[in-house]
file input_17.txt (compact mmCIF, C-alpha atoms and all ligand atoms)
# COMPACT_ATOMS: atom_id res chain seq x y z
CA MET A 127 0.00 0.00 0.00
CA PRO A 128 1.50 3.41 -0.92
CA SER A 129 2.54 5.58 1.97
CA PHE A 130 4.43 8.86 2.40
CA GLN A 131 8.04 8.74 1.22
CA PRO A 132 10.30 9.24 4.26
CA LEU A 133 11.62 12.81 4.16
CA VAL A 134 13.48 14.78 6.83
CA PHE A 135 12.99 18.53 7.20
CA SER A 136 14.35 20.91 9.82
CA GLY A 137 15.26 24.56 10.21
CA VAL A 138 17.37 26.93 12.27
CA GLN A 139 16.68 30.65 12.78
CA PRO A 140 19.37 33.16 11.83
CA THR A 141 18.90 35.04 15.09
CA GLY A 142 22.45 34.95 16.43
CA ASN A 143 25.44 32.75 17.02
CA LEU A 144 24.78 29.05 16.91
CA HIS A 145 25.53 27.42 20.23
CA LEU A 146 26.28 24.00 21.62
CA GLY A 147 22.55 23.37 22.23
CA ASN A 148 21.71 23.97 18.57
CA TYR A 149 24.62 21.72 17.61
CA LEU A 150 23.92 18.77 19.94
CA GLY A 151 20.12 19.04 19.83
CA ALA A 152 19.73 19.62 16.11
CA ILE A 153 22.61 20.08 13.68
CA ARG A 154 24.53 16.97 14.65
CA ARG A 155 21.34 14.96 14.13
CA PHE A 156 20.84 16.64 10.74
CA VAL A 157 24.26 15.38 9.69
CA ALA A 158 23.63 11.82 10.88
CA LEU A 159 20.25 11.53 9.13
CA GLN A 160 21.76 12.26 5.72
CA ASP A 161 22.99 8.68 5.40
CA SER A 162 19.56 7.14 5.76
CA HIS A 163 17.13 9.81 4.50
CA ASP A 164 16.37 12.39 1.86
CA CYS A 165 16.83 15.67 3.83
CA ILE A 166 15.88 19.33 3.47
CA TYR A 167 17.59 21.81 5.82
CA CYS A 168 16.45 25.40 5.94
CA VAL A 169 17.69 28.67 7.42
CA VAL A 170 14.33 29.98 8.58
CA ASP A 171 14.76 33.71 8.03
CA LEU A 172 11.01 34.43 7.99
CA HIS A 173 10.86 33.16 11.57
CA SER A 174 13.68 35.45 12.65
CA ILE A 175 11.56 38.60 12.26
CA THR A 176 8.79 37.37 14.58
CA ALA A 177 10.43 38.29 17.89
CA GLN A 178 12.56 41.16 16.58
CA LEU A 179 11.74 42.90 13.31
CA VAL A 180 14.95 44.75 12.52
CA HIS A 181 18.28 42.91 12.59
CA ASP A 182 21.68 44.51 12.07
CA ASP A 183 22.90 41.87 9.65
CA LEU A 184 20.23 39.31 8.81
CA ALA A 185 21.98 38.42 5.54
CA GLY A 186 25.29 37.83 7.35
CA GLN A 187 23.56 35.69 9.99
CA THR A 188 21.81 33.68 7.29
CA ARG A 189 25.14 33.00 5.59
CA ALA A 190 26.75 32.10 8.95
CA ILE A 191 24.08 29.49 9.74
CA THR A 192 24.46 28.09 6.23
CA ALA A 193 28.23 27.91 6.74
CA ALA A 194 27.65 26.08 10.04
CA PHE A 195 25.43 23.52 8.29
CA LEU A 196 28.11 22.91 5.67
CA ALA A 197 31.00 22.95 8.17
CA ALA A 198 29.21 20.39 10.36
CA GLY A 199 29.01 18.07 7.36
CA ILE A 200 25.70 18.65 5.57
CA ASP A 201 26.02 17.87 1.88
CA PRO A 202 24.11 20.52 -0.13
CA GLU A 203 24.30 18.51 -3.34
CA LYS A 204 22.88 15.21 -2.13
CA HIS A 205 20.38 17.05 0.06
CA ILE A 206 18.83 20.53 0.01
CA VAL A 207 20.06 23.60 1.92
CA PHE A 208 18.31 26.94 1.39
CA ASN A 209 16.82 29.97 3.12
CA GLN A 210 13.10 30.01 3.71
CA SER A 211 12.17 33.44 2.35
CA ARG A 212 13.18 32.56 -1.20
CA VAL A 213 10.56 29.80 -1.43
CA MET A 214 7.35 31.79 -1.17
CA GLN A 215 5.17 28.69 -0.90
CA HIS A 216 6.13 28.52 2.81
CA ALA A 217 4.35 31.83 3.45
CA GLU A 218 1.41 30.85 1.24
CA LEU A 219 0.79 27.59 3.10
CA ALA A 220 1.32 29.37 6.44
CA TRP A 221 -1.56 31.69 5.58
CA ILE A 222 -3.80 28.71 4.86
CA PHE A 223 -2.70 27.12 8.13
CA ASN A 224 -3.53 30.36 9.96
CA CYS A 225 -7.07 29.64 8.85
CA VAL A 226 -6.88 25.97 9.88
CA ALA A 227 -5.33 26.51 13.33
CA ARG A 228 -7.40 27.94 16.19
CA ILE A 229 -6.33 30.96 18.25
CA GLY A 230 -6.67 28.86 21.42
CA TRP A 231 -4.07 26.42 20.09
CA MET A 232 -1.58 29.26 19.57
CA ASN A 233 -2.27 30.83 22.96
CA ARG A 234 -1.23 27.59 24.65
CA MET A 235 2.26 27.52 23.11
CA THR A 236 4.88 27.86 25.83
CA GLN A 237 7.42 29.40 23.45
CA PHE A 238 4.94 32.19 22.67
CA LYS A 239 4.31 32.74 26.38
CA ASP A 240 8.05 32.81 27.11
CA LYS A 241 8.98 35.09 24.23
CA ALA A 242 6.00 37.44 24.52
CA GLY A 243 6.54 37.76 28.28
CA LYS A 244 4.10 39.85 30.29
CA ASP A 245 3.31 42.30 27.50
CA ARG A 246 1.46 39.88 25.22
CA GLU A 247 -0.69 42.55 23.59
CA ASN A 248 2.47 44.12 22.27
CA ALA A 249 3.95 40.95 20.74
CA SER A 250 3.85 40.71 16.96
CA LEU A 251 1.03 38.76 15.35
CA GLY A 252 3.82 36.81 13.64
CA LEU A 253 5.13 35.59 17.00
CA LEU A 254 1.70 34.19 17.84
CA ALA A 255 1.36 32.60 14.38
CA TYR A 256 4.94 31.23 14.40
CA PRO A 257 3.79 27.59 14.75
CA SER A 258 1.59 27.89 11.61
CA LEU A 259 4.64 28.92 9.61
CA MET A 260 6.64 26.11 11.16
CA ALA A 261 3.92 23.61 10.21
CA ALA A 262 3.96 25.04 6.69
CA ASP A 263 7.77 24.70 6.47
CA ILE A 264 7.44 21.01 7.21
CA LEU A 265 4.23 20.15 5.40
CA VAL A 266 4.91 22.06 2.18
CA TYR A 267 7.33 19.15 1.56
CA ARG A 268 5.01 16.62 3.24
CA ALA A 269 8.02 15.78 5.41
CA THR A 270 7.64 12.72 7.63
CA HIS A 271 10.41 13.33 10.19
CA VAL A 272 11.73 16.46 11.92
CA PRO A 273 14.90 16.34 14.06
CA VAL A 274 14.63 19.02 16.77
CA GLY A 275 15.57 19.75 20.35
CA GLU A 276 13.13 19.07 23.19
CA ASP A 277 11.93 22.72 23.15
CA GLN A 278 10.21 22.22 19.80
CA LYS A 279 8.12 19.21 20.84
CA GLN A 280 4.97 21.25 21.42
CA HIS A 281 5.24 22.91 18.00
CA LEU A 282 5.55 19.49 16.36
CA GLU A 283 2.39 18.35 18.15
CA LEU A 284 0.63 21.42 16.79
CA THR A 285 1.89 20.57 13.29
CA ARG A 286 0.16 17.19 13.61
CA ASP A 287 -3.02 18.90 14.85
CA ILE A 288 -2.99 21.22 11.83
CA ALA A 289 -2.39 18.31 9.42
CA THR A 290 -5.18 16.29 11.05
CA LYS A 291 -7.69 19.13 10.87
CA PHE A 292 -6.82 19.90 7.24
CA ASN A 293 -7.09 16.19 6.32
CA ASN A 294 -10.47 15.88 8.10
CA ASP A 295 -12.02 19.17 7.00
CA PHE A 296 -11.11 18.57 3.35
CA SER A 297 -11.49 14.78 3.35
CA ASP A 298 -14.21 14.80 0.66
CA ARG A 299 -12.21 16.98 -1.72
CA ILE A 300 -9.02 15.04 -1.03
CA GLY A 301 -10.96 11.86 -1.87
CA GLN A 302 -12.51 13.33 -5.05
CA LEU A 303 -9.09 14.43 -6.29
CA GLY A 304 -7.47 11.11 -5.29
CA ALA A 305 -4.84 13.19 -3.46
CA GLY A 306 -4.84 11.22 -0.20
CA VAL A 307 -2.17 8.85 1.02
CA ASP A 308 -2.78 6.02 3.48
CA MET A 309 -0.92 6.16 6.76
CA THR A 310 -0.93 4.38 10.09
CA VAL A 311 -1.84 6.50 13.10
CA GLY A 312 -1.64 4.50 16.35
CA ASP A 313 -3.42 1.26 15.47
CA GLU A 314 -5.58 2.84 12.76
CA ARG A 315 -5.11 3.23 9.00
CA VAL A 316 -6.21 6.69 7.88
CA ASN A 317 -6.03 8.60 4.62
CA GLY A 318 -4.98 12.23 4.23
CA PHE A 319 -3.09 14.72 2.11
CA PHE A 320 -0.61 15.72 4.81
CA PRO A 321 1.43 13.21 6.84
CA LEU A 322 1.36 13.28 10.63
CA THR A 323 5.00 14.18 11.00
CA GLU A 324 7.11 12.50 13.66
CA PRO A 325 9.52 14.55 15.79
CA LEU A 326 12.98 13.02 16.16
CA ILE A 327 14.11 14.12 19.61
CA GLU A 328 17.01 11.81 20.23
CA GLY A 329 20.33 11.54 22.00
CA THR A 330 21.66 12.53 25.41
CA ALA A 331 21.59 16.30 24.80
CA THR A 332 18.12 17.18 23.52
CA ARG A 333 17.89 20.06 26.00
CA VAL A 334 21.22 21.67 26.77
CA MET A 335 20.88 24.17 29.61
CA SER A 336 22.50 27.55 30.19
CA LEU A 337 25.97 27.44 31.77
CA ARG A 338 24.83 30.14 34.20
CA ASP A 339 21.47 28.63 35.22
CA GLY A 340 20.73 24.93 35.00
CA MET A 341 16.97 25.61 34.89
CA LYS A 342 17.09 27.75 31.72
CA LYS A 343 17.80 26.39 28.25
CA MET A 344 20.95 27.48 26.46
CA SER A 345 19.73 30.08 24.00
CA LYS A 346 21.08 32.43 21.32
CA SER A 347 19.12 35.31 22.76
CA ASP A 348 20.37 35.02 26.37
CA PRO A 349 22.00 38.40 27.09
CA SER A 350 24.93 36.69 28.86
CA ASP A 351 27.47 35.27 26.43
CA LEU A 352 28.87 33.24 29.34
CA SER A 353 25.60 31.26 29.34
CA ARG A 354 26.44 29.48 26.09
CA ILE A 355 29.28 28.03 24.05
CA ASN A 356 29.10 29.46 20.56
CA LEU A 357 30.22 27.29 17.66
CA THR A 358 32.62 30.09 16.74
CA ASP A 359 34.24 30.45 20.20
CA ASP A 360 37.99 29.88 20.26
CA ALA A 361 39.67 27.35 22.55
CA ASP A 362 40.47 29.88 25.29
CA THR A 363 36.91 31.20 25.35
CA ILE A 364 35.46 27.69 25.54
CA ALA A 365 37.80 26.82 28.42
CA LYS A 366 36.97 30.08 30.23
CA LYS A 367 33.20 29.59 29.87
CA ILE A 368 33.37 26.01 31.16
CA LYS A 369 35.60 27.07 34.04
CA LYS A 370 33.09 29.77 34.99
CA ALA A 371 30.05 27.51 34.50
CA LYS A 372 27.87 27.48 37.59
CA THR A 373 28.21 24.30 39.66
CA ASP A 374 27.89 23.24 43.28
CA PRO A 375 30.64 22.36 45.76
CA GLU A 376 29.98 18.59 45.79
CA PRO A 377 32.03 16.12 43.72
CA LEU A 378 30.22 14.31 40.87
CA PRO A 379 28.07 11.44 42.16
CA SER A 380 28.82 7.81 41.36
CA GLU A 381 25.19 7.08 40.36
CA LEU A 382 22.92 8.92 37.93
CA GLU A 383 20.27 9.44 40.63
CA GLY A 384 22.76 11.67 42.43
CA LEU A 385 22.35 14.25 39.63
CA GLU A 386 18.60 14.60 40.11
CA ALA A 387 18.59 17.71 42.30
CA ARG A 388 21.76 19.16 40.73
CA PRO A 389 20.69 20.74 37.40
CA GLU A 390 24.04 22.40 36.64
CA ALA A 391 26.06 19.23 37.29
CA ASP A 392 23.51 17.21 35.32
CA ASN A 393 23.84 19.63 32.39
CA LEU A 394 27.64 19.38 32.25
CA VAL A 395 27.48 15.58 32.39
CA GLY A 396 24.88 15.64 29.57
CA ILE A 397 27.11 17.90 27.48
CA TYR A 398 30.08 15.59 28.02
CA ALA A 399 27.93 12.59 27.06
CA GLY A 400 26.57 14.38 23.97
CA LEU A 401 29.97 15.51 22.73
CA SER A 402 31.59 12.13 23.28
CA ASP A 403 28.61 10.11 21.99
CA ARG A 404 28.46 8.20 25.25
CA SER A 405 25.70 7.56 27.74
CA ARG A 406 25.43 9.63 30.93
CA GLU A 407 26.00 6.39 32.86
CA SER A 408 29.36 5.85 31.27
CA VAL A 409 30.43 9.47 31.96
CA ILE A 410 29.42 9.06 35.60
CA ALA A 411 31.24 5.73 35.75
CA GLU A 412 34.42 7.53 34.65
CA PHE A 413 34.11 10.77 36.62
CA GLY A 414 31.96 9.78 39.64
CA GLY A 415 33.62 10.97 42.87
CA GLN A 416 35.78 13.55 41.05
CA GLN A 417 35.73 17.27 41.76
CA PHE A 418 34.70 19.81 39.11
CA SER A 419 38.32 20.97 39.12
CA VAL A 420 39.06 17.66 37.36
CA PHE A 421 35.88 17.28 35.31
CA LYS A 422 35.71 20.81 33.88
CA PRO A 423 39.15 20.77 32.21
CA ALA A 424 38.33 17.35 30.70
CA LEU A 425 35.06 18.75 29.38
CA ALA A 426 36.79 21.84 27.99
CA GLU A 427 39.35 19.70 26.19
CA LEU A 428 36.61 17.54 24.67
CA ALA A 429 34.55 20.57 23.60
CA VAL A 430 37.55 22.18 21.92
CA GLU A 431 38.45 18.92 20.17
CA LYS A 432 34.92 18.57 18.74
CA LEU A 433 34.09 22.22 18.00
CA ALA A 434 37.39 23.72 16.79
CA PRO A 435 37.37 21.91 13.42
CA ILE A 436 33.79 23.11 12.79
CA ALA A 437 34.68 26.69 13.70
CA SER A 438 37.70 26.75 11.41
CA GLU A 439 35.72 25.21 8.52
CA MET A 440 32.95 27.77 9.12
CA ARG A 441 35.49 30.59 8.86
CA ARG A 442 36.85 29.15 5.62
CA ILE A 443 33.36 28.87 4.10
CA MET A 444 32.29 32.33 5.27
CA ALA A 445 35.29 33.86 3.55
CA ASP A 446 33.53 33.00 0.27
CA PRO A 447 30.02 34.48 0.53
CA ALA A 448 29.45 34.00 -3.21
CA TYR A 449 29.76 30.24 -2.71
CA VAL A 450 27.33 30.32 0.23
CA ASP A 451 24.84 32.32 -1.82
CA ALA A 452 25.16 29.86 -4.71
CA VAL A 453 24.38 26.96 -2.33
CA LEU A 454 21.27 28.79 -1.07
CA ARG A 455 20.13 29.72 -4.58
CA ASN A 456 20.55 26.20 -5.91
CA GLY A 457 18.86 24.68 -2.84
CA GLY A 458 16.04 27.19 -3.11
CA GLU A 459 15.38 26.31 -6.73
CA ARG A 460 15.19 22.61 -5.96
CA ALA A 461 13.04 23.19 -2.87
CA ALA A 462 10.64 25.43 -4.81
CA VAL A 463 9.90 22.69 -7.34
CA ARG A 464 8.82 20.35 -4.56
CA ALA A 465 6.92 23.02 -2.64
CA GLU A 466 5.01 24.11 -5.74
CA ALA A 467 3.94 20.52 -6.45
CA THR A 468 2.34 20.40 -2.99
CA MET A 469 0.75 23.85 -3.29
CA LYS A 470 -0.79 23.12 -6.69
CA THR A 471 -2.79 20.31 -5.07
CA VAL A 472 -3.52 22.32 -1.92
CA ARG A 473 -5.01 25.12 -4.05
CA GLU A 474 -7.17 22.55 -5.88
CA ILE A 475 -8.27 20.92 -2.62
CA ILE A 476 -9.37 24.28 -1.21
CA GLY A 477 -10.97 25.43 -4.46
CA PHE A 478 -8.85 28.43 -5.40
CA VAL A 479 -9.16 29.16 -9.12
CA GLY A 480 -5.80 29.03 -10.88
CA ASP A 481 -4.36 27.85 -14.17
N1 LIG B 1 19.39 24.46 24.44
C1 LIG B 1 19.10 23.63 23.45
N2 LIG B 1 19.31 22.30 23.57
C2 LIG B 1 19.03 21.45 22.56
N3 LIG B 1 18.51 21.84 21.38
C3 LIG B 1 18.29 23.16 21.21
N4 LIG B 1 17.80 23.88 20.18
C4 LIG B 1 17.76 25.20 20.52
N5 LIG B 1 18.22 25.37 21.76
C5 LIG B 1 18.55 24.12 22.23
C6 LIG B 1 17.39 23.30 18.90
O1 LIG B 1 18.13 23.95 17.88
C7 LIG B 1 17.32 24.02 16.70
C8 LIG B 1 17.35 25.41 16.15
O2 LIG B 1 16.74 26.30 17.04
P1 LIG B 1 16.29 27.73 16.54
O3 LIG B 1 17.43 28.61 16.44
O4 LIG B 1 15.52 27.63 15.32
O5 LIG B 1 15.28 28.20 17.63
P2 LIG B 1 15.32 28.24 19.16
O6 LIG B 1 14.90 26.93 19.72
O7 LIG B 1 14.46 29.39 19.51
O8 LIG B 1 16.87 28.48 19.52
P3 LIG B 1 17.49 29.43 20.54
O9 LIG B 1 18.95 29.21 20.50
O10 LIG B 1 16.88 29.35 21.88
O11 LIG B 1 17.23 30.84 19.90
P4 LIG B 1 16.45 32.07 20.44
O12 LIG B 1 17.25 32.52 21.62
O13 LIG B 1 16.51 33.02 19.28
O14 LIG B 1 15.09 31.63 20.81
C9 LIG B 1 15.92 23.55 17.10
O15 LIG B 1 15.75 22.22 16.66
C10 LIG B 1 15.93 23.63 18.59
O16 LIG B 1 15.08 22.65 19.16
call {"tool": "encode", "arguments": {"input": "input_17.txt", "output": "structure tokens", "more": "lines below"}}
Ligand code: AQP
result
Amino acid sequence: MPSFQPLVFSGVQPTGNLHLGNYLGAIRRFVALQDSHDCIYCVVDLHSITAQLVHDDLAGQTRAITAAFLAAGIDPEKHIVFNQSRVMQHAELAWIFNCVARIGWMNRMTQFKDKAGKDRENASLGLLAYPSLMAADILVYRATHVPVGEDQKQHLELTRDIATKFNNDFSDRIGQLGAGVDMTVGDERVNGFFPLTEPLIEGTATRVMSLRDGMKKMSKSDPSDLSRINLTDDADTIAKKIKKAKTDPEPLPSELEGLEARPEADNLVGIYAGLSDRSRESVIAEFGGQQFSVFKPALAELAVEKLAPIASEMRRIMADPAYVDAVLRNGGERAAVRAEATMKTVREIIGFVGD
């Protein structure tokens, strides 16, 4: 029975320096999935104007994220790398999804609550509608899998809700046009135009926390640069940030349970596990009983070993902006062909008159 072709899609906003959380939670997974899947990776520049409209150097940031994708090992020829704004079908489908999604769904999104803060009335309409655009990014390719960090789980659930409502509300027209595809949802077989996309939230570092506060996620927009390790930080800066990372006076425990009430220690162990591709258990087995004065230098050495080659490759790629632009242009052209194929059917399903 035909089903959706497996396809991976994910995006990163050009809102600032990429950090270790973006790398371990997302980009490293993007690289790994290339061997087994057809992949589309996008610099989501339309998203970057939702929280802050004017950016000093949006073009430069877009090129830097692209360079990070390439430096980490994404192959733009076998797969697709592009920036969102050049494929206008994303915005077109997002509008349609604004009419599918309910305001109550958007109001429940924790990212909106966090980013809008207390002054919600003053947040942009785009910030509220962000998840519709994210659903459109994914579903305009009818992507089946999305590698993301833990923080995006709720948006992925909303993407499934939007796909389900569209499939149900237009089920007659989808049937008449023969545009539906069978899929398994739980124990049921259902038919629909859009897949119910699966999040891929995997690995030991799906939520890397701030180095200054183990209860807050590491984030590009944290005002303190000491809170994060940027992919472009040099060895001395990485070592300094890890040395200054908040911890407690106790040595590392010998059992994982001992990390439960120690968010900062837990975070550093998770980062070590993520960077070394080991389990937390094995890190604790090696460092249990040791002081941070021993663990932190080991972590700094590991972080430098893993990140320095990416930073130097990023610098090499960024020195040739014409090459980066050519990658984005070529990726955009290939993405647009696929996106337009989806939109042609979406327009027919809805009943818009076109050619
Ligand atoms: N701390 C994190 N740990 C693990 N994964 C993370 N991601 C982000 N922060 C962490 C994942 O990185 C991908 C790209 O994220 P994004 O830049 O598109 O959006 P974001 O989640 O809003 O990232 P930031 O760094 O927190 O940016 P700002 O400060 O601008 O909001 C996503 O897959 C995300 O899950």
call {"tool": "closest_residue", "arguments": {"input": "input_17.txt", "among": "A:Ile191, A:Val207, A:Ile364, A:Val316", "to": "Leu337 (chain A)", "atoms": "all atoms listed in the file"}}
result
A:Ile364
call {"tool": "residues_around", "arguments": {"input": "input_17.txt", "residues": "Ala426 (chain A)", "least_positions_apart": "6", "cutoff": "9 Å", "atoms": "all atoms listed in the file", "output": "short mmCIF file (atom, residue, chain, number, x, y, z; two decimals) with C-alpha atoms, in the coordinates of the input"}}
result
data_model
loop_
_atom_site.label_atom_id
_atom_site.label_comp_id
_atom_site.auth_asym_id
_atom_site.auth_seq_id
_atom_site.Cartn_x
_atom_site.Cartn_y
_atom_site.Cartn_z
CA ALA A 361 39.67 27.35 22.55
CA ILE A 364 35.46 27.69 25.54
CA ALA A 365 37.80 26.82 28.42
CA LYS A 366 36.97 30.08 30.23
CA LYS A 367 33.20 29.59 29.87
CA ILE A 368 33.37 26.01 31.16
CA LYS A 369 35.60 27.07 34.04
#
call {"tool": "atom_distance", "arguments": {"input": "input_17.txt", "atom1": "CA of Leu184 (chain A)", "atom2": "CA of Val274 (chain A)"}}
result
22.5 Å
call {"tool": "closest_residue", "arguments": {"input": "input_17.txt", "among": "A:Asn143, A:Gln416, A:Lys291, A:Ile153", "to": "Glu328 (chain A)", "atoms": "all atoms listed in the file"}}
result
A:Ile153
call {"tool": "closest_residue", "arguments": {"input": "input_17.txt", "among": "A:Phe135, A:Phe319, A:Phe223, A:Phe413", "to": "Tyr398 (chain A)", "atoms": "only C-alpha atoms"}}
result
A:Phe413
call {"tool": "closest_residue", "arguments": {"input": "input_17.txt", "among": "A:Ile355, A:Ala262, A:Leu133, A:Ala461", "to": "ligand LIG 1 (chain B)", "atoms": "only C-alpha atoms and all ligand atoms"}}
result
A:Ile355
call {"tool": "residues_around", "arguments": {"input": "input_17.txt", "residues": "Gln160 (chain A)", "least_positions_apart": "3", "cutoff": "12 Å", "atoms": "all atoms listed in the file", "output": "list of chain:residue names"}}
result
A:Pro132, A:Leu133, A:Val134, A:Phe135, A:Ile153, A:Arg154, A:Arg155, A:Phe156, A:Val157, A:His163, A:Asp164, A:Cys165, A:Ile166, A:Tyr167, A:Ala198, A:Gly199, A:Ile200, A:Asp201, A:Pro202, A:Glu203, A:Lys204, A:His205, A:Ile206, A:Pro273
call {"tool": "closest_residue", "arguments": {"input": "input_17.txt", "among": "A:Leu378, A:Ser438, A:Ser129, A:Ile222", "to": "Val311 (chain A)", "atoms": "all atoms listed in the file"}}
result
A:Ser129
call {"tool": "axis_aligned_box", "arguments": {"input": "input_17.txt", "around": "region 394-399 of chain A", "padding_each_side": "4 Å", "output": "lines of an AutoDock Vina configuration file"}}
result
center_x = 27.5
center_y = 16.0
center_z = 29.7
size_x = 13.2
size_y = 14.8
size_z = 13.3
call {"tool": "atom_distance", "arguments": {"input": "input_17.txt", "atom1": "atom C7 of ligand LIG 1 (chain B)", "atom2": "CA of Pro389 (chain A)"}}
result
21.2 Å
